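Working notes, beginning with the structure itself.
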Amino acid sequence: MDILIIVAFIAGYVLIALEHPIRINKTATAILTGVVCWTLFVFMDPGPALLESKAFSDFRALLSIEHTQQDIAAMTPDEMHHEFVGYELNEHLAAIAQILFFLLGAMTIVELVDAHRGFRYITDRIQTRNPRTLLWIICFVTFFLSSILDNLTTSIVMVSLIRKLIHDKEMRLTFAGMIVIAANAGGAWTPIGDVTTTMLWIGGQISTGSIMTSLFIPSLVCLLVPVLFLGFRLKGKILDTADSAHQATEVKGGRLMLFLGIGALVSVPVFKTVTHLPPYLGMLCGLGVLWVVSEVLHPELDEVAKKNYTVAGALSRVDVPSVLFFLGILLAVGSLESMQVLNQFAAYLDRSLGDQRIIITLIGLLSAVVDNVPLVAASMGMYSLNTFPMDHMIWEYLAYCAGTGGSILIIGSAAGVAVMGMEKVDFIWYLKKISFLALLGYVGGALAYVLIKG
Amino acid sequence: MELLIVAVFVAGYLLIALEHPIRINKTATALLTGVVCWTIFTLSGPTESLQHSAEYSELAEKAHLVGPGVADDMEVHREYVIHSLREHLAEIAEILFFLMGAMTIVELVDSHRGFKLVTDRIRTTNAKTLLWVICWVTFFLSAILDNLTTTIVMVSLTRKLVANRDTRLFFAGLIVVAANAGGAWSPIGDVTTTMLWIGGQITASSIIKSLFIPSVACMLVPLIFLSFTMKGKLGEGKTSGHDEKTPGTANLMLVVGVGALISVPIFKTLTHLPPYLGMMLGLGVLWVVSEIVNPDLDESEKKHFTAVHALSRIDMPSVLFFLGILLAVASLQSMHLLQDFAVYLNDTLGDNRVIITLIGMLSAIVDNVPLVAASMGMYSMDVYPPDHLIWEYLAYCAGTGGSMLVIGSAAGVAAMGMEKIDFIWYLKRITLLAAMGYFAGAAVYLFITHV
């Protein structure tokens with residue numbers, strides 16, 4: 001049965017990759033894959049690997065709080081399995097919903113600022129018409145922005161900027177790909193820039209000062225290699241069509257909306273630190289504030305003219321299919337995680353390969369296919385803090401690999417999926433044009449890290 | 001601090017109700033209310049009654065035993081807040097994805113003009129006859145399907161049948177009343193009845209027998225009343241709609257779409273997985289079908305018939321509105337305010353029937369699920385055996401009381417999203433009718449059980 005679910009997952013993956021030739025929308029495939037994986041999971045007989053896992057014992061502990069011992073004893077194994085699947089699905093849904101509402105909030109804020117032409121105050125300042133110079137600027141801004149903000153927000157903001165700056169579709173896609181690489185690389189070296197690095201930081205495997213000094217250079221190399229490589233080959237011009245956009249009428253409140261929008265995005269981590277509430281609530285709070293401001297900003301316009309500048313208008317432009325795509329693919333990965341397939345695979349790698357550096361490099365590559373959070377969680381459970389103390393090489397290397405490996409495929413990281421939604425990046429296009437660059441950067445950074453550590 | 005949160009909640013509620021006069025969109029208010037409630041909750045410490053609740057003390061105990069060092073009160077409180085927020089978010093997300101799936105399926109069938117096949121069969125041009133047909137269909141449909149799906153399907157039908165906007169709003173209001181009434185008397189028709197059924201407080205055959213007549217009364221009273229007072233016309237939209245070309249795929253999309261909606265409960269029974277996954281399965285299948293049925297059209301013509309297009313037409317602000325309001329109610333629930341209130345009612349009033357009638361009315365303001373959960377905890381099964389009067393009456397009241405405000409039930413919120421019903425309009429035009437139905441059904445139930 002394990003095999004059947006993996007086959008369903010791979011088949012779904014292949015269909016998603018082949019979206020354009022077979023002409024079936026990737027969201028439909030992703031949703032179906034997610035539902036089919038969970039349905040198969042419900043019907044499978046739980047094996048010993050599942051029943052002896054930590055997830056299952058956690059579930060049993062919770063069950064004993066909610067039910068009496070007699071009730072639990074009276075449960076058939078089937079009923080127990082149904083309960084377990086329901087519990088696991090609920091846990092995943094809570095985690096997924098946080099990401100999706102965060103994404104929805106951030107995308108709406110960006111669309112709203114865009115509707116007020118707020119980004120032109122930034123894009124007007126970028127005078128260069130040379131694509132190479134622009135590439136360097138964009139990549140470095142992304143790199144440092146993503147070390148403070150999360151990768152998702154950074155990518156959304158940067159992609160909406162290049163939309164205004166670059167009108168050639170092919171070149172814009174290339175830039176979008178580089179933004180994904182830069183956002184993932186920039187997130188890896190700070191404890192707050194990336195979810196997996198944050199996990200290791202909270203878990204006590206790494207310390208702030210040490211991770212920043214050890215990973216800054218490898219992360220930079222991971223970005224520099226693709227930028228340098230692309231810099232030589234990048235042809236084409238940024239057309240002056242950007243100028244025509246400059247002529248467009250200024251919208252009332254554009255500057256205010258830009259400040260508020262950026263303020264809302266930047267204050268999400270602040271909100272989290274002050275309240276300890278999850279980031280999506282901060283994002284929704286920001287959206288609520290912007291919404292109210294956008295409504296009171298245009299009292300003189302009639303309903304129809306106003307519609308362009310309201311959140312309702314912005315929401316209708318937000319890419320909801322991408323949100324559902326994310327739901328489907330994360331549900332599918334969640335089922336693999338709940339079946340302990342990922343953990344088993346990591347343990348298998350550990351047994352058969354032996355050398356931790358190779359294993360972790362592979363985990364990084366694997367994180368391009370499945371979510372990096374369960375992979376890092378599995379690795380954290382696999383290696384003990386007693387054997388590998390804080391700031392040991394394997395933890396730092398894990399932070400690097402899991403953070404940057406996702407750039408190799410477009411659906412390998414949250415940043416990639418957001419960019420795919422905004423710019424309609426095709427899976428195959430990314431595979432052909434960007435994956436190789438991302439892989440070069442990944443290997444380059446890994447080598448740099450290993451060399452520095454001797 | 002409890003007072004502060006209640007004040008914020010009430011203020012948010014007022015702003016939502018006054019959406020049109022103050023010209024601030026209700027979704028913005030709802031989102032801010034939800035976030036502010038949770039922020040106040042987490043920043044202020046635990047209240048006395050919360051500290052004494054079972055969930056809280058269990059968590060505190062666990063934290064003291066296994067936590068890194070001895071956790072202080074504030075840390076335990078934070079853990080509790082995050083834990084309960086996560087639980088609520090999972091539940092809310094289930095509802096929202098269900099709603100998004102159902103709305104997209106309906107939009108997709110609609111863009112293929114699938115509903116035309118149904119509406120063509122309804123030939124009456126008399127508004128009153130149509131109202132009776134629609135209400136009865138809604139009533140029985142909602143006994144099988146859930147209220148949300150029923151409402152979405154029926155409102156999309158009236159869109160095609162009733163061109164006059166004012167008349168259509170009345171239809172939408174009555175659909176909400178009928179959907180809630182129809183859900184109350186069957187164990188699978190309504191979430192609160194299902195809760196009592198799964199909890200063993202009621203049995204399937206007994207609840208159907210006892211509540212069928214009260215539920216019918218609950219719908220009939222407003223229906224009869226409105227039949228006498230309604231003057232509106234259906235409008236001409238219907239006949240002009242006939243001339244439009246129907247794509248050849250309308251039939252197929254209607255069958256697959258309705259099949260997808262109906263198979264959601266079947267999927268749930270077979271797999272024990274939550275209904276939103278069944279809805280997503282249906283959406284996925286319909287999506288694939290919609291992509292391959294129109295191979296002859298070019299990209300730009302095809303665009304109109306795709307799910308991507310349907311998704312851009314569903315009302316996302318309503319989805320976010322729901323998110324905000326449910327988060328706000330969840331914060332009250334996590335603070336045990338609702339439970340405290342139910343216990344307070346119990347202590348001061350004494351008569352179960354009065355209390356449960358009030359709980360039903362309260363369910364128009366806050367979610368009925370926590371109210372029923374609180375009542376289930378308040379009364380013991382030892383004192384009140386299965387099929388006791390209070391359980392059946394609770395199923396009736398919690399199921400139908402939500403019709404009294406447009407945001408009092410999931411069906412109401414869905415109808416509000418689809419037809420842009422104004423809170424105040426509903427309060428003026430439908431609330432009284434719904435209240436009449438509610439009390440009539442309640443009187444019928446109490447009369448029957450006493451004879």
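By order in the structure tokens, chains are A, B, ...; within a chain, residues start at 1; ligands start at 1, following the order shown.
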Define the interface residues of chain A facing chain B as those within 6 Å, counting only C-alpha atoms, and report them as a list in words.
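Therefore, the residues near the partner are Ala28, Ile31, Leu32, Leu93, Ala94, Cys285, Gly288, Trp291 and Ser316 of chain A.
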What's the 12 Å shell around A:Gly231, counting only C-alpha atoms, without same-chain residues fewer than 2 positions away, as a PyMOL selection string?
chain A and resi 130-136+139+174-175+178+224-229+233-236+437
Atoms to include: C-alpha atoms. Write the selected residues as a PDB file, in the first residue's frame.
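Once everything was written out, this is selection-v6.pdb:
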```
ATOM      1  CA  ASN A 130      21.112  47.531 -18.679  1.00  0.00           C
ATOM      2  CA  PRO A 131      19.657  44.088 -17.864  1.00  0.00           C
ATOM      3  CA  ARG A 132      22.893  42.863 -16.265  1.00  0.00           C
ATOM      4  CA  THR A 133      23.108  45.783 -13.862  1.00  0.00           C
ATOM      5  CA  LEU A 134      19.433  45.360 -13.062  1.00  0.00           C
ATOM      6  CA  LEU A 135      19.936  41.631 -12.429  1.00  0.00           C
ATOM      7  CA  TRP A 136      22.686  42.382  -9.900  1.00  0.00           C
ATOM      8  CA  CYS A 139      19.322  39.745  -6.793  1.00  0.00           C
ATOM      9  CA  THR A 174      14.430  34.603 -16.041  1.00  0.00           C
ATOM     10  CA  PHE A 175      14.499  37.378 -13.466  1.00  0.00           C
ATOM     11  CA  MET A 178      16.725  34.320 -10.107  1.00  0.00           C
ATOM     12  CA  LEU A 224      26.749  34.488  -7.001  1.00  0.00           C
ATOM     13  CA  VAL A 225      27.433  31.425  -9.138  1.00  0.00           C
ATOM     14  CA  PRO A 226      24.107  31.594 -11.017  1.00  0.00           C
ATOM     15  CA  VAL A 227      24.227  35.409 -11.260  1.00  0.00           C
ATOM     16  CA  LEU A 228      27.726  35.368 -12.722  1.00  0.00           C
ATOM     17  CA  PHE A 229      26.862  32.531 -15.051  1.00  0.00           C
ATOM     18  CA  ARG A 233      24.679  34.950 -21.268  1.00  0.00           C
ATOM     19  CA  LEU A 234      21.923  37.437 -20.575  1.00  0.00           C
ATOM     20  CA  LYS A 235      21.003  39.101 -23.822  1.00  0.00           C
ATOM     21  CA  GLY A 236      18.218  41.412 -24.747  1.00  0.00           C
ATOM     22  CA  LEU A 437      21.734  27.410 -12.567  1.00  0.00           C
TER      23      LEU A 437
END
```
Looking at A:Ala438, A:Val289, A:Leu451, A:Asp114, which one is nearest to A:Leu230, with distances taken over only C-alpha atoms?
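The answer is A:Ala438, which sits nearest to A:Leu230.
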Neighbours of stretch 368-385 of chain A within 8 Å (only C-alpha atoms; same-chain residues fewer than 6 positions away dropped), as a PyMOL selection string?
chain A and resi 195-196+200+205+330+333+337+342-343+346-347+398+402-403+405-409+411-413
Write out as a ChimeraX atom specification all residues of stretch 6-135 of chain A that DSSP puts in helix (DSSP H, G or I) for this structure's backbone.
/A:6-17,19-22,26-43,48-51,54-66,69-74,77-115,120-123,131-135
Using only C-alpha atoms, which residues sit within 12 Å of A:His116 once same-chain residues fewer than 5 positions away are excluded, as a ChimeraX atom specification?
/A:109-111,121,248-261,290,293-294,297-298,306-311,313-314
Could you list, as a PyMOL selection string, every residue within 8 Å of B:Leu108, counting only C-alpha atoms and ignoring same-chain residues fewer than 2 positions away?
chain B and resi 104-106+110-112+305-307+310
For the selection just defined, write its residues with C-alpha atoms to a file, as a short mmCIF file (atom, residue, chain, number, x, y, z; two decimals), in the first residue's frame.
```cif
data_model
loop_
_atom_site.label_atom_id
_atom_site.label_comp_id
_atom_site.auth_asym_id
_atom_site.auth_seq_id
_atom_site.Cartn_x
_atom_site.Cartn_y
_atom_site.Cartn_z
CA THR B 104 -16.48 26.91 -7.73
CA ILE B 105 -18.40 23.79 -8.77
CA VAL B 106 -21.61 25.80 -8.93
CA ASP B 110 -23.28 27.83 -14.34
CA SER B 111 -20.74 29.00 -16.91
CA HIS B 112 -21.71 25.97 -19.03
CA PHE B 305 -15.48 27.71 -19.56
CA THR B 306 -12.49 26.85 -17.40
CA ALA B 307 -12.31 26.41 -13.65
CA ALA B 310 -14.90 30.20 -12.36
#
```
Which neighbours of A:Ile137 fall inside 10 Å, counting only C-alpha atoms, when residues of the same chain fewer than 6 positions from it are skipped, and could you give them as a VMD selection string?
chain A and resid 126 128 131 143
